[in-house]
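Everything below belongs to coords00.csv, which stores CSV, C-alpha atoms.
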```csv
chain,number,residue,atom,x,y,z
J,1,MET,CA,0.0,0.0,0.0
J,2,PRO,CA,1.6,3.3,-1.0
J,3,ALA,CA,2.6,5.6,1.8
J,4,GLU,CA,0.6,8.7,2.3
J,5,THR,CA,2.5,12.0,2.1
J,6,CYS,CA,2.2,14.0,5.3
J,7,ILE,CA,2.5,17.8,5.2
J,8,VAL,CA,4.0,19.1,8.4
J,9,GLY,CA,2.4,22.2,9.8
J,10,GLY,CA,-1.1,21.8,8.5
J,11,GLU,CA,-2.5,22.7,5.2
J,12,ALA,CA,-0.3,24.7,2.9
J,13,ASP,CA,-2.0,27.7,1.4
J,14,GLN,CA,-0.7,29.2,-1.8
J,15,ILE,CA,-0.1,33.0,-1.6
J,16,GLY,CA,0.7,35.4,-4.3
J,17,VAL,CA,3.6,37.9,-4.6
J,18,ALA,CA,1.5,40.8,-3.3
J,19,GLU,CA,0.5,38.9,-0.2
J,20,MET,CA,4.1,37.9,0.4
J,21,ARG,CA,5.3,41.4,0.1
J,22,GLY,CA,2.7,42.5,2.6
J,23,ALA,CA,3.7,39.8,5.1
J,24,LEU,CA,7.4,40.7,4.8
J,25,ALA,CA,6.6,44.4,5.2
J,26,TRP,CA,4.6,43.6,8.4
J,27,TRP,CA,7.4,41.7,9.9
J,28,LEU,CA,9.9,44.4,9.0
J,29,ASP,CA,7.6,47.0,10.7
J,30,SER,CA,7.5,44.7,13.7
J,31,GLY,CA,11.3,44.7,14.0
J,32,VAL,CA,12.3,41.5,12.4
J,33,ASP,CA,15.8,42.2,11.0
J,34,THR,CA,17.3,38.7,10.6
J,35,LEU,CA,16.3,35.1,9.7
J,36,VAL,CA,18.2,33.2,12.4
J,37,GLN,CA,19.8,34.3,15.6
J,38,GLU,CA,21.4,32.6,18.6
J,39,GLU,CA,19.0,33.9,21.2
J,40,PRO,CA,15.2,34.0,21.1
J,41,ARG,CA,13.6,37.4,20.7
J,42,ASP,CA,10.1,38.7,21.2
J,43,TRP,CA,9.5,40.2,17.8
J,44,LEU,CA,6.3,41.8,18.8
J,45,LYS,CA,7.7,43.6,21.8
J,46,PRO,CA,7.6,47.4,21.3
J,47,ALA,CA,11.0,48.8,20.4
J,48,GLU,CA,13.0,50.5,23.1
J,49,PRO,CA,12.9,54.3,22.7
J,50,LYS,CA,16.2,55.6,21.4
J,51,LEU,CA,18.0,57.7,24.0
J,52,ARG,CA,18.3,61.2,22.8
J,53,ALA,CA,21.9,62.1,22.4
J,54,LYS,CA,23.0,64.6,25.0
J,55,ALA,CA,23.4,67.9,23.4
J,56,ALA,CA,27.0,69.0,23.1
J,57,GLU,CA,27.6,71.7,25.6
J,58,THR,CA,28.6,74.9,23.9
J,59,PRO,CA,32.0,75.9,25.1
J,60,PRO,CA,32.2,79.3,26.8
J,61,PRO,CA,33.0,82.1,24.3
J,62,ASN,CA,36.6,83.3,24.3
J,63,ILE,CA,35.6,86.8,25.6
J,64,VAL,CA,37.4,89.0,28.0
J,65,GLU,CA,36.4,92.3,29.5
J,66,PRO,CA,38.5,95.3,28.5
J,67,SER,CA,41.0,96.6,31.0
J,68,HIS,CA,42.2,99.5,29.0
J,69,GLU,CA,42.7,102.9,30.7
J,70,THR,CA,42.5,105.2,27.6
J,71,LEU,CA,40.1,105.5,24.7
J,72,ALA,CA,42.9,105.1,22.2
J,73,GLU,CA,43.9,101.7,23.8
J,74,LEU,CA,40.3,100.5,23.8
J,75,ARG,CA,39.8,101.5,20.2
J,76,ASP,CA,43.0,99.7,19.2
J,77,TRP,CA,41.7,96.6,21.1
J,78,LEU,CA,38.3,96.8,19.3
J,79,SER,CA,40.1,96.9,16.0
J,80,SER,CA,42.1,93.7,16.4
J,81,SER,CA,41.1,91.5,19.3
J,82,MET,CA,39.6,88.1,18.7
J,83,GLN,CA,38.3,88.1,22.3
J,84,LEU,CA,35.2,90.2,21.4
J,85,PRO,CA,31.6,89.0,21.2
J,86,LEU,CA,30.8,87.7,17.6
J,87,ALA,CA,34.5,88.1,16.6
J,88,SER,CA,35.5,85.9,13.7
J,89,THR,CA,38.0,85.9,10.9
J,90,THR,CA,35.2,86.7,8.4
J,91,ALA,CA,33.3,89.4,10.3
J,92,LYS,CA,34.0,93.0,9.2
J,93,ARG,CA,34.7,95.5,12.0
J,94,LEU,CA,32.9,98.8,11.9
J,95,LEU,CA,34.9,100.9,14.3
J,96,PRO,CA,33.8,104.0,16.3
J,97,HIS,CA,34.7,107.5,15.2
J,98,GLY,CA,34.6,110.9,16.7
J,99,PRO,CA,36.4,112.9,19.4
J,100,GLU,CA,36.8,112.2,23.1
J,101,ASP,CA,34.7,114.4,25.4
J,102,ALA,CA,32.2,114.7,22.6
J,103,ALA,CA,29.0,116.7,23.0
J,104,ILE,CA,27.0,113.5,22.3
J,105,MET,CA,27.8,109.8,21.9
J,106,LEU,CA,25.6,107.7,19.5
J,107,LEU,CA,25.4,104.0,20.4
J,108,SER,CA,23.7,102.2,17.6
J,109,ASP,CA,22.1,98.8,16.9
J,110,ALA,CA,23.2,96.0,14.7
J,111,HIS,CA,24.7,96.9,11.3
J,112,THR,CA,23.4,96.7,7.8
J,113,VAL,CA,25.0,96.3,4.5
J,114,GLN,CA,25.0,100.1,4.1
J,115,ASP,CA,26.9,100.5,7.3
J,116,ALA,CA,29.4,97.8,6.2
J,117,THR,CA,29.8,99.5,2.8
J,118,ALA,CA,30.4,102.9,4.5
J,119,GLY,CA,32.8,101.2,7.0
J,120,GLN,CA,31.3,103.0,10.0
J,121,PRO,CA,28.6,102.2,12.7
J,122,ILE,CA,25.9,104.2,10.9
J,123,GLY,CA,26.2,104.5,7.1
J,124,GLY,CA,24.3,105.4,4.0
J,125,GLU,CA,20.9,107.1,4.2
J,126,ALA,CA,20.8,106.4,7.9
J,127,TRP,CA,23.9,108.5,8.5
J,128,GLU,CA,22.6,111.3,6.4
J,129,LEU,CA,19.5,111.4,8.6
J,130,ALA,CA,21.6,111.1,11.8
J,131,LYS,CA,23.5,114.2,10.7
J,132,ARG,CA,20.3,116.1,10.2
J,133,MET,CA,19.1,115.0,13.6
J,134,LEU,CA,22.3,116.2,15.2
J,135,ALA,CA,22.0,119.5,13.3
J,136,ALA,CA,18.5,120.0,14.6
J,137,ILE,CA,19.9,120.0,18.2
J,138,LYS,CA,22.9,122.2,17.1
J,139,ILE,CA,25.6,119.6,17.2
J,140,PRO,CA,27.9,119.3,14.2
J,141,ALA,CA,28.4,115.7,13.1
J,142,ASP,CA,32.2,116.0,13.6
J,143,GLN,CA,31.5,116.8,17.3
J,144,ALA,CA,29.6,113.5,17.8
J,145,TYR,CA,31.2,110.2,18.8
J,146,SER,CA,29.6,107.3,17.0
J,147,ALA,CA,29.9,103.7,18.1
J,148,SER,CA,27.8,100.5,18.1
J,149,LEU,CA,26.8,97.9,20.6
J,150,SER,CA,29.1,95.4,18.7
J,151,CYS,CA,31.6,96.6,16.2
J,152,GLN,CA,31.4,93.2,14.4
J,153,HIS,CA,29.3,93.0,11.2
J,154,SER,CA,28.2,89.4,11.1
J,155,PRO,CA,25.2,89.0,8.7
J,156,GLY,CA,22.8,86.3,9.8
J,157,VAL,CA,24.4,85.8,13.2
J,158,LYS,CA,22.1,86.3,16.2
J,159,MET,CA,23.6,87.6,19.4
J,160,SER,CA,23.1,85.3,22.4
J,161,PRO,CA,22.2,86.7,25.8
J,162,ALA,CA,25.7,86.0,27.1
J,163,GLU,CA,27.2,87.9,24.1
J,164,ARG,CA,24.7,90.8,24.6
J,165,GLU,CA,25.8,91.1,28.3
J,166,ALA,CA,29.5,91.0,27.2
J,167,CYS,CA,28.7,93.8,24.7
J,168,ALA,CA,27.0,95.8,27.4
J,169,GLU,CA,30.1,95.6,29.6
J,170,ILE,CA,32.3,96.7,26.8
J,171,ALA,CA,29.9,99.6,26.0
J,172,ARG,CA,29.9,100.8,29.6
J,173,LYS,CA,33.7,100.8,29.6
J,174,HIS,CA,33.6,102.6,26.2
J,175,ILE,CA,31.3,105.3,27.6
J,176,ARG,CA,33.6,105.8,30.6
J,177,LEU,CA,36.6,106.3,28.4
J,178,ALA,CA,34.9,108.4,25.7
J,179,LYS,CA,33.4,110.7,28.4
J,180,PRO,CA,30.6,112.1,26.3
J,181,ARG,CA,28.3,114.8,27.7
J,182,ARG,CA,25.2,113.1,26.5
J,183,LEU,CA,24.4,109.6,25.3
J,184,LEU,CA,21.8,108.6,22.7
J,185,LEU,CA,20.9,104.9,22.3
J,186,LEU,CA,19.7,104.1,18.8
J,187,GLY,CA,17.5,101.1,18.5
J,188,ASP,CA,16.2,98.2,20.6
J,189,GLY,CA,19.6,96.4,21.0
J,190,PRO,CA,21.4,99.1,23.0
J,191,ALA,CA,18.2,99.7,25.1
J,192,GLN,CA,17.9,96.1,25.9
J,193,ALA,CA,21.6,95.6,26.7
J,194,LEU,CA,22.2,98.8,28.7
J,195,LEU,CA,18.8,99.5,30.2
J,196,GLY,CA,17.3,96.0,30.4
J,197,LYS,CA,14.1,97.3,28.6
J,198,PRO,CA,12.8,97.1,25.1
J,199,LEU,CA,12.8,100.4,23.2
J,200,PRO,CA,9.1,101.2,23.6
J,201,GLN,CA,9.6,101.1,27.4
J,202,ALA,CA,12.9,102.8,27.5
J,203,ARG,CA,11.8,105.8,25.3
J,204,GLY,CA,10.5,109.0,26.9
J,205,HIS,CA,12.6,108.8,30.0
J,206,VAL,CA,16.0,110.1,31.1
J,207,HIS,CA,18.4,107.5,32.2
J,208,LYS,CA,21.9,107.6,33.6
J,209,ILE,CA,24.6,105.3,32.2
J,210,GLU,CA,28.1,105.7,33.8
J,211,GLY,CA,26.9,109.0,35.0
J,212,VAL,CA,26.0,110.3,31.5
J,213,ARG,CA,22.5,111.7,30.7
J,214,THR,CA,21.0,109.1,28.4
J,215,VAL,CA,17.9,108.8,26.2
J,216,ALA,CA,16.8,106.0,24.0
J,217,THR,CA,15.2,106.5,20.6
J,218,PHE,CA,14.6,105.0,17.2
J,219,HIS,CA,17.6,104.2,14.9
J,220,PRO,CA,17.7,106.5,11.9
J,221,ARG,CA,17.3,103.4,9.7
J,222,ALA,CA,13.9,102.7,11.5
J,223,LEU,CA,12.8,106.3,10.9
J,224,ILE,CA,13.5,106.0,7.2
J,225,ASN,CA,11.3,102.8,7.1
J,226,GLN,CA,8.6,104.4,9.3
J,227,PRO,CA,8.7,108.2,9.0
J,228,SER,CA,5.6,108.6,11.2
J,229,ASN,CA,7.9,108.1,14.2
J,230,LYS,CA,10.0,111.1,13.4
J,231,SER,CA,7.9,113.3,15.7
J,232,LEU,CA,8.5,110.9,18.6
J,233,ALA,CA,12.3,110.9,17.9
J,234,TRP,CA,12.2,114.7,17.9
J,235,LYS,CA,10.7,114.6,21.4
J,236,ASP,CA,13.4,112.2,22.5
J,237,LEU,CA,16.1,114.6,21.2
J,238,LEU,CA,14.5,117.6,23.0
J,239,LEU,CA,14.4,115.5,26.2
J,240,LEU,CA,18.1,114.6,25.8
J,241,MET,CA,19.1,118.2,25.4
J,242,GLU,CA,17.1,119.6,28.4
J,243,ASP,CA,19.3,121.2,31.0
J,244,GLU,CA,20.1,119.1,34.0
J,245,ALA,CA,17.9,120.0,37.0
```
Would you put the structure from the file into structure tokens?
Amino acid sequence: MPAETCIVGGEADQIGVAEMRGALAWWLDSGVDTLVQEEPRDWLKPAEPKLRAKAAETPPPNIVEPSHETLAELRDWLSSSMQLPLASTTAKRLLPHGPEDAAIMLLSDAHTVQDATAGQPIGGEAWELAKRMLAAIKIPADQAYSASLSCQHSPGVKMSPAEREACAEIARKHIRLAKPRRLLLLGDGPAQALLGKPLPQARGHVHKIEGVRTVATFHPRALINQPSNKSLAWKDLLLLMEDEA
């Protein structure tokens, strides 16, 4: 009597290519990544969550506070030191200009391409407007000292809180050595760094920074973009020039 063929594992069903692909995809999604391994594995056990790689700690910036005793020494340091906030081999430096003991010191916000092209803290149309603002309060442009919160022109680089504080310390030293009779903060950056307030809150008040009468107002560049604020800027200039009580 002929022997009967026994199929181990029950009845064998024929499956097509599409069904086979679907089965393989399901097992791959379940975590099956090998045919045979030495130790048993629960293929249906949820995968262990991957541990998030610890974010690399940012090394402290190579920044030092200036220890110079004269304005000339400080300006020389600003022109060459790599221990400044935002300093890099590619950043262009827009250095301060003007006399010591000036009638007014302008401390401006972040630079634009026009400033970089002019090679000074305020350039282009903004500088032309700044000169008209100075003329309105009877101060010739050559009797004003112009500087910026950071002398580095680094397009696309955002200043961190630590860098802002470092810039503020340098600015305070700068003010002490320049010894202006009045100080005008131009834009939100200097107001935030030196007064701890955004420009809308800092405006309209007299402040003292390093003993110097200080007022915050709009950067000339902002006034070009929004001329309706010129009347407010004029009030700020009049407030700055009021006699000390």
| What is the distance between atom CA of J:Ala144 and atom CA of J:Gln83, in Å to one decimal? |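 Computing it gives 27.2 Å between the two atoms.
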| query | Quick one: distance from atom CA of J:Lys138 to atom CA of J:Ser228 in Å, one decimal? | reply |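 Answer for the atom CA of J:Lys138 to atom CA of J:Ser228 separation: 22.8 Å.
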List every residue of stretch 118-211 of chain J that has an atom at most 9 Å from any atom of stretch 223-227 of chain J, and for each one report the closest atom pair and its distance in Å to one decimal, counting only C-alpha atoms, with rows sorted by chain and then by increasing residue number, as CSV.
```
residue,atom,partner,partner_atom,distance
J:Glu125,CA,J:Ile224,CA,8.1
J:Ala126,CA,J:Ile224,CA,7.3
J:Leu129,CA,J:Ile224,CA,8.2
```
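Note that the spacing between atom CA of J:Leu177 and atom CA of J:Glu100 amounts to 7.9 Å.
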| said: Set the distance at 10 Å and use only C-alpha atoms: which residues neighbour J:Lys131 once local chain neighbours fewer than 6 positions away are removed? I'd like the list as a VMD selection string. | reply: chain J and resid 125 139 to 142 144 220
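The list of residues with at least one atom within 7 Å of J:Leu94, based on only C-alpha atoms and without residues fewer than 5 positions apart in the same chain, reads Ala116, Gly119, Gln120, Pro121, Cys151, Gln152 and His153 of chain J.
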| Which residues, written as a list in words, have at least one atom at most 12 Å from J:Lys173, with only C-alpha atoms counted and residues fewer than 5 positions away on the same chain left out? |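 Neighbouring residues, sequence-local ones excluded: Glu65, Pro66, Ser67, His68, Glu69, Thr70, Leu71, Glu73, Leu74, Arg75, Leu78, Leu149, Ala166, Cys167, Ala168, Ala178, Lys179, Leu194, Ile209, Glu210 and Gly211 of chain J.
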| message | List as a list of chain:residue names the protein and nucleic acid residues near J:Gly204, meaning an atom at most 12 Å away when only C-alpha atoms are counted, but skip any in the same chain fewer than 4 places from it. | response | J:Leu199, J:Pro200, J:Thr214, J:Val215, J:Ala216, J:Thr217, J:Phe218, J:Leu232, J:Ala233, J:Trp234, J:Lys235, J:Asp236, J:Leu237, J:Leu238, J:Leu239, J:Leu240
| Which of J:Pro180, J:Asn229, J:Val157, J:Ala87 sits closest to J:Arg203 [using all atoms listed in the file] |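 Closest residue, counting all atoms listed in the file: J:Asn229.
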| Neighbours of J:Gly189 within 9 Å (all atoms listed in the file; same-chain residues fewer than 2 positions away dropped), as a PyMOL selection string? | chain J and resi 108-110+149+164+185-187+191-194+198-199
| Counting only C-alpha atoms, the option among J:Val113, J:Leu183, J:Gly123, J:Leu107 closest to J:Ser148 |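 When distances to J:Ser148 are compared using only C-alpha atoms, the smallest one comes from J:Leu107.
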